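K.L.:
Dumping the structure here so I can ask a few things about it.
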Amino acid sequence: MDTASQDNSLIREISAEKYRYGFTTDVHTEIIDRGLTEDTVRLISERKGEPEWMLEFRLKAYRHWLTMEMPHWAHLDIPEIDYQNISYYADPTVKKQGPRNLDEIDPQVMKTFDKLGIPLEERLALSGGVAVDAVMDSVSVKTTFKQTLAEKGIIFCSMGEAVRNHPDLVRQYLGSVVNYRDNFFAALNSAVFSDGSFVYIPKGVRCPMELSTYFRINAAGTGQFERTLIVADDDSYVSYLEGCTAPMRDENQLHAAIVEIVVMDRAEVKYSTVQNWYPGDENGRGGVYNFVTKRGLVKGVDAKLSWTQVETGSAITWKYPSCVLQGDGSQGEFYSVALTNNWQQADTGTKMIHIGRNTRSTVISKGISAGHSQNSYRGLIKVGEHADGARNYSQCDSLLLGSECGAHTFPYMDVKNETAIVEHEATTSKISEDQLFYCNQRGIPMEQAIGLIVNGYAKEVLNKLPMEFAVEAQRLLSVSLENTVG
Amino acid sequence: MSNMMLKIENLHAGIDGKEILKGINLEVNAGQVHAIMGPNGSGKSTMSNVLVGHPAYQVTEGKVTFKGMDLLAMSAEERSHQGLFMSFQYPVEIPGVSMTNFMRTAINEKRKALGQQPLAPTEFLKLIKEKRDLVKLDAKFMNRSVNEGFSGGEKKRNEIFQMAMLEPSLSILDETDSGLDIDALRIVADGVNRLKSPETSVIVITHYQRLLDYIKPDVVHVLYQGRIIKTAGPELALELEQRGYDWVIKEFEDSGK
């Protein structure tokens with residue numbers, strides 16, 4: 001072996017080590033044929049045992065999707081996606097023989113989530129108590145603490161189960177925040193969506209534990225189309241966490257999700273994401289295409305919705321978690337750290353739509369770009385004519401590591417009320433050689449020094465995450481930047 | 001020989017292709033305090049930066065032995081792990097990184113390099129308290145970001161605090177007195193003095209005699225145009241304070257070297 005190929009294999013080893021979730025699980029999975037037609041939509045609906053109205057919902061979306069084109073306004077270079085070469089449904093819970101037993105999970109699947117640090121047995125739950133809905137490919141394999149939560153009237157289950165067991169709630173709210181006509185990926189998702197989670201917090205209930213959904217892509221050649229719906233009724237509170245990983249593959253995999261949140265009078269929802277889909281290798285091969293529509297209708301008076309996201313994964317990210325501030329005195333928050341390395345591309349930000357009076361919003365975005373990556377913040381602050389006293393504060397910071405990467409900011413403002421106060425601040429900085437050397441002199445090697453400085457830069461956002469997530473996010477920020485300097 | 005802390009032989013170094021150090025020779029024994037004085041532009045800061053391995057500086061010739069090791073072959077962090085410390089003339093700010101987190105990372109990286117277990121949190125906090133008292137640094141600074149919003153004096157006290165935490169064998173104080181009022185100077189010097197031991201050495205780099213009133217040197221060197229042109233006892237510092245550098249330079253030039 002010559003030196004160059006030895007170096008290459010070393011680099012491969014290091015980058016393989018970097019993404020520690022890149023393994024595949026060998027489990028019997030029923031995958032429907034590739035391609036997307038009306039029959040595919042019917043087949044998915046049938047597999048899920050859905051009622052007629054759900055099928056109609058899907059078909060309407062599918063027919064509309066056919067009339068749409070993929071959006072190209074983002075600062076992203078998206079390769080052609082062949083939507084007929086993707087399988088839209090993969091079920092790892094189907095037994096080879098005999099009927100499916102809901103209580104029995106394939107030990108391989110169980111092991112997968114163990115390996116990911118997501119215990120599916122309630123007695124092993126993380127300290128402080130976190131209820132988990134674990135989704136592999138298209139299907140929820142287990143939801144923990146359902147009984148404990150049900151005692152308080154809280155519904156926490158997979159979307160599929162919600163359609164069967166809580167059809168009235170689902171019919172009332174599904175698509176009420178993100179209409180299938182909203183955008184290309186929303187239409188696609190509405191046609192073929194599979195499991196995500198459904199959460200309903202009744203009036204006056206404070207959810208006693210963190211709720212979380214862990215999304216895992218496993219099967220090759222498939223796309224994942226999660227759908228999550230959270231409804232927080234009057235005077236309720238819930239903190240919800242979302243995590244995601246996928247195997248390392250040379251092919252690109254599509255993930256197109258919709259998350260809808262409805263927040264009623266004086267209720268509060270905190271939604272946190274640590275997005276760590278496989279980002280592709282150091283040459284830009286493989287990785288997940290992450291096209292996500294997340295939006296909350298902050299409907300009630302003095303209601304509050306807070307989005308916190310740490311985005312380190314995916315080859316391409318297209319994602320703008322937004323708040324429609326309809327209730328008087330309602331509040332929206334968006335805290336984001338988006339890190340891109342190697343050939344990753346991210347176009348992410350938020351929309352704050354002020355409709356009600358005295359609505360307030362805060363946007364803190366921290367972009368970190370390394371390698372050959374492109375990282376864009378895109379944000380819209382819209383103040384309607386009746387939104388007297390609306391206030392927004394936005395701060396968008398970019399940190400550059402190296403000279404081959406790009407950081408971009410696209411802030412849009414549309415203010416139709418004279419009493420509104422909208423503030424925007426933006427900075428771009430580089431890690432200075434002096435900062436790094438100061439750390440080195442104190443005995444902190446280069447990679448740890450970068451990790452330390454980057455985590456310091458992102459601290460304001462990381463502080464918003466629940467404890468267990470913050471620790472994981474800090475670790476992710478550091479390992480995602482390994483080998484960026486030197 | 002085992003007493004030797006640092007030996008610099010014919011060191012040539014510079015920055016951006018420009019030679020600044022033109023053959024430095026220096027020997028520092030364990031337990032000694034050496035002062036390096038000299039007019040502006042004589043190469044004092046270059047010398048300290050080269051010793052701690054700042055990447056902007058290039059060594060073109062010479063040899064440096066630190067506790068028997070080839071210093072120039074070591075990375076900046078290895079030098080630190082082996083007990084070399086520099087108090088920066090201009091300590092940098094690191095936003096969002098608390099002093100506690102910074103110090104814990106530094107100490108545990110050193111322990112890792114030396115094959116030791118990380119310090120337990122309780123031991124670490126005890127150590128912080130003990131060392132803070134040494135330079136009268138209030139507890140509130142530990143939760144603040146590294147050097148952010150620190151006054152000039154607080155930054156320098158923070159440097160000595162870090163020195164105390166890392167317990168180096170050889171400390172280089174690069175113009176530590178600059179920008180300090182007399183009270184801060186006393187606190188800093190007092191901290192350094194209390195850290196002195198027969199096993200550790202200090203190199204004080206300074207333009208002025210002032211600091212040397214408080215940190216008594218064993219040996220004083222004058223650096224001029226990248227060379228050490230005079231070496232003598234502590235009385236030299238006082239003489240320089242009174243008479244300036246011109247006479248030493250003249251003496252050196254007359255000697256025809």
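By order of appearance in the structure tokens: chains A, B, ..., then residues from 1 within every chain, and ligands from 1 in the order shown.
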Skipping near chain neighbours, those fewer than 3 positions away, what residues fall within 8 Å of Asp190 in chain B using only C-alpha atoms, listed as an MDAnalysis selection string?
P.N.:
chainID B and resid 135 186:187 193:194 214:215
K.L.:
Any idea what's packed within 9 Å of range 241-245 of chain B, counting only C-alpha atoms, ignoring anything in its chain fewer than 6 positions away? Could you give it as number ranges by chain?
P.N.:
B: 38-39, 208-210, 222
K.L.:
Store the residues of this selection in a file with N, CA and C atoms, as a short mmCIF file (atom, residue, chain, number, x, y, z; two decimals), in the first residue's frame.
P.N.:
data_model
loop_
_atom_site.label_atom_id
_atom_site.label_comp_id
_atom_site.auth_asym_id
_atom_site.auth_seq_id
_atom_site.Cartn_x
_atom_site.Cartn_y
_atom_site.Cartn_z
N GLY B 38 15.10 45.01 27.97
CA GLY B 38 15.61 45.53 26.72
C GLY B 38 14.68 46.58 26.17
N PRO B 39 15.22 47.44 25.30
CA PRO B 39 14.38 48.48 24.71
C PRO B 39 13.31 47.87 23.79
N TYR B 208 10.58 47.53 32.01
CA TYR B 208 10.87 48.38 33.17
C TYR B 208 11.36 47.59 34.36
N GLN B 209 12.03 48.26 35.24
CA GLN B 209 12.55 47.71 36.47
C GLN B 209 11.44 47.41 37.50
N ARG B 210 10.35 48.22 37.41
CA ARG B 210 9.26 48.24 38.37
C ARG B 210 8.88 46.87 38.94
N VAL B 222 20.26 41.65 29.23
CA VAL B 222 19.78 42.71 28.35
C VAL B 222 19.74 42.17 26.93
#
K.L.:
Show me which bits of chain A are within 9 Å of chain B, counting only C-alpha atoms, as an MDAnalysis selection string.
P.N.:
chainID A and resid 433:435 437:446 448 452:460
K.L.:
Which residues are close to Arg164 in chain A, i.e. within 9 Å by only C-alpha atoms, leaving aside same-chain residues fewer than 2 positions away? Reply as a PyMOL selection string.
P.N.:
chain A and resi 49-51+159-162+166-167
K.L.:
Quick one, how far is CA of Leu170 in chain B from CA of Leu11 in chain B?
P.N.:
18.4 Å
K.L.:
Show which residues sit within 6 Å of Gly327 in chain A, as a PyMOL selection string. Count only C-alpha atoms, and ignore same-chain residues fewer than 4 positions away.
P.N.:
chain A and resi 299-301+356
K.L.:
Atoms to include: N, CA and C atoms. Write the selected residues as a tab-separated table (two decimals), in the first residue's frame.
P.N.:
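And here's selection30.tsv as it stands now:
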chain	number	residue	atom	x	y	z
A	299	LYS	N	-52.10	30.17	18.78
A	299	LYS	CA	-53.46	30.61	18.52
A	299	LYS	C	-54.07	31.39	19.68
A	300	GLY	N	-53.75	30.96	20.91
A	300	GLY	CA	-54.41	31.52	22.08
A	300	GLY	C	-53.77	32.80	22.58
A	301	VAL	N	-54.49	33.50	23.45
A	301	VAL	CA	-53.91	34.70	24.07
A	301	VAL	C	-52.77	34.26	24.99
A	356	GLY	N	-51.62	38.92	15.96
A	356	GLY	CA	-52.30	39.47	17.14
A	356	GLY	C	-51.59	40.70	17.69
K.L.:
Enumerate as a PyMOL selection string all residues of range 139-213 of chain B assigned to strand (DSSP E or B) by DSSP on the backbone, naming them with the chain letters and numbers the document uses.
P.N.:
chain B and resi 145-146+170-174+201-206
K.L.:
Print the selection's residues with N, CA and C atoms to a file, as a PDB file, in the first residue's frame.
P.N.:
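The result, stored in out_11.pdb:
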ATOM      1  N   SER B 145     -17.040  34.415  30.986  1.00  0.00           N
ATOM      2  CA  SER B 145     -16.268  33.928  29.847  1.00  0.00           C
ATOM      3  C   SER B 145     -14.814  34.349  30.005  1.00  0.00           C
ATOM      4  N   VAL B 146     -13.920  33.527  29.463  1.00  0.00           N
ATOM      5  CA  VAL B 146     -12.475  33.759  29.587  1.00  0.00           C
ATOM      6  C   VAL B 146     -12.109  35.188  29.167  1.00  0.00           C
ATOM      7  N   LEU B 170       8.364  25.950  34.419  1.00  0.00           N
ATOM      8  CA  LEU B 170       8.963  27.199  33.945  1.00  0.00           C
ATOM      9  C   LEU B 170       7.868  28.144  33.470  1.00  0.00           C
ATOM     10  N   SER B 171       7.851  29.331  34.071  1.00  0.00           N
ATOM     11  CA  SER B 171       6.851  30.328  33.680  1.00  0.00           C
ATOM     12  C   SER B 171       7.535  31.506  33.020  1.00  0.00           C
ATOM     13  N   ILE B 172       6.969  31.925  31.902  1.00  0.00           N
ATOM     14  CA  ILE B 172       7.477  33.115  31.239  1.00  0.00           C
ATOM     15  C   ILE B 172       6.445  34.209  31.440  1.00  0.00           C
ATOM     16  N   LEU B 173       6.841  35.282  32.068  1.00  0.00           N
ATOM     17  CA  LEU B 173       5.913  36.396  32.269  1.00  0.00           C
ATOM     18  C   LEU B 173       6.233  37.462  31.233  1.00  0.00           C
ATOM     19  N   ASP B 174       5.397  37.523  30.199  1.00  0.00           N
ATOM     20  CA  ASP B 174       5.670  38.436  29.089  1.00  0.00           C
ATOM     21  C   ASP B 174       5.025  39.789  29.363  1.00  0.00           C
ATOM     22  N   SER B 201      11.174  27.583  37.855  1.00  0.00           N
ATOM     23  CA  SER B 201      11.917  28.762  37.410  1.00  0.00           C
ATOM     24  C   SER B 201      10.958  29.757  36.763  1.00  0.00           C
ATOM     25  N   VAL B 202      11.410  31.013  36.740  1.00  0.00           N
ATOM     26  CA  VAL B 202      10.594  32.068  36.143  1.00  0.00           C
ATOM     27  C   VAL B 202      11.479  32.919  35.240  1.00  0.00           C
ATOM     28  N   ILE B 203      10.955  33.233  34.053  1.00  0.00           N
ATOM     29  CA  ILE B 203      11.618  34.225  33.208  1.00  0.00           C
ATOM     30  C   ILE B 203      10.695  35.442  33.143  1.00  0.00           C
ATOM     31  N   VAL B 204      11.188  36.560  33.643  1.00  0.00           N
ATOM     32  CA  VAL B 204      10.383  37.783  33.640  1.00  0.00           C
ATOM     33  C   VAL B 204      10.855  38.639  32.473  1.00  0.00           C
ATOM     34  N   ILE B 205       9.945  38.882  31.543  1.00  0.00           N
ATOM     35  CA  ILE B 205      10.309  39.721  30.410  1.00  0.00           C
ATOM     36  C   ILE B 205       9.688  41.084  30.629  1.00  0.00           C
ATOM     37  N   THR B 206      10.525  42.098  30.684  1.00  0.00           N
ATOM     38  CA  THR B 206       9.977  43.414  31.007  1.00  0.00           C
ATOM     39  C   THR B 206      10.830  44.539  30.450  1.00  0.00           C
TER      40      THR B 206
END
K.L.:
CA of Ala131 in chain A and CA of Val231 in chain A, how far apart in Å?
P.N.:
16.8 Å
K.L.:
Determine, counting only C-alpha atoms, which protein, DNA and RNA residues have an atom within 6 Å of an atom of Tyr240 in chain A; residues of the same chain fewer than 6 positions away are not included. Present the result as a list in words.
P.N.:
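Within the cut-off, the hits are Glu210, Leu211, Ser212 and Tyr271 of chain A.
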K.L.:
Can you pull out the residues contacting His408 in chain A? Cut-off 7 Å, using only C-alpha atoms, and skip same-chain residues under 2 positions away; I want them as a list in words.
P.N.:
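Near His408 in chain A, the qualifying residues are Asn375, Ser376, Tyr377, Gly406 and Phe410 of chain A.
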K.L.:
Quick check, in Å to one decimal: how far apart do CA of Ala134 in chain A and CA of Gly175 in chain A lie?
P.N.:
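Between CA of Ala134 in chain A and CA of Gly175 in chain A the gap works out to 22.9 Å.
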K.L.:
Write out as a list of chain:residue names the residues lying within 12 Å of Gly402 in chain A, counting only C-alpha atoms and excluding same-chain residues fewer than 4 positions away.
P.N.:
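My list of contacting residues is A:Asn341, A:Asn342, A:Ile368, A:Ser369, A:Ala370, A:Gly371, A:His372, A:Ser373, A:Gly406, A:Ala407, A:Ser429, A:Lys430, A:Ile431, A:Ser432, A:Glu433, A:Ile450, A:Leu481, A:Asn483, A:Thr484, A:Val485, A:Gly486.
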K.L.:
Where in range 100-245 of chain B does DSSP assign alpha helix (DSSP H), given as a count of residues only?
P.N.:
66
K.L.:
Hey, which of A:Ser87, A:Thr67, A:Thr112, A:Gln344 ends up closest to Val27 in chain A? Count only C-alpha atoms.
P.N.:
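Distance minimum relative to Val27 in chain A lands on A:Thr112.
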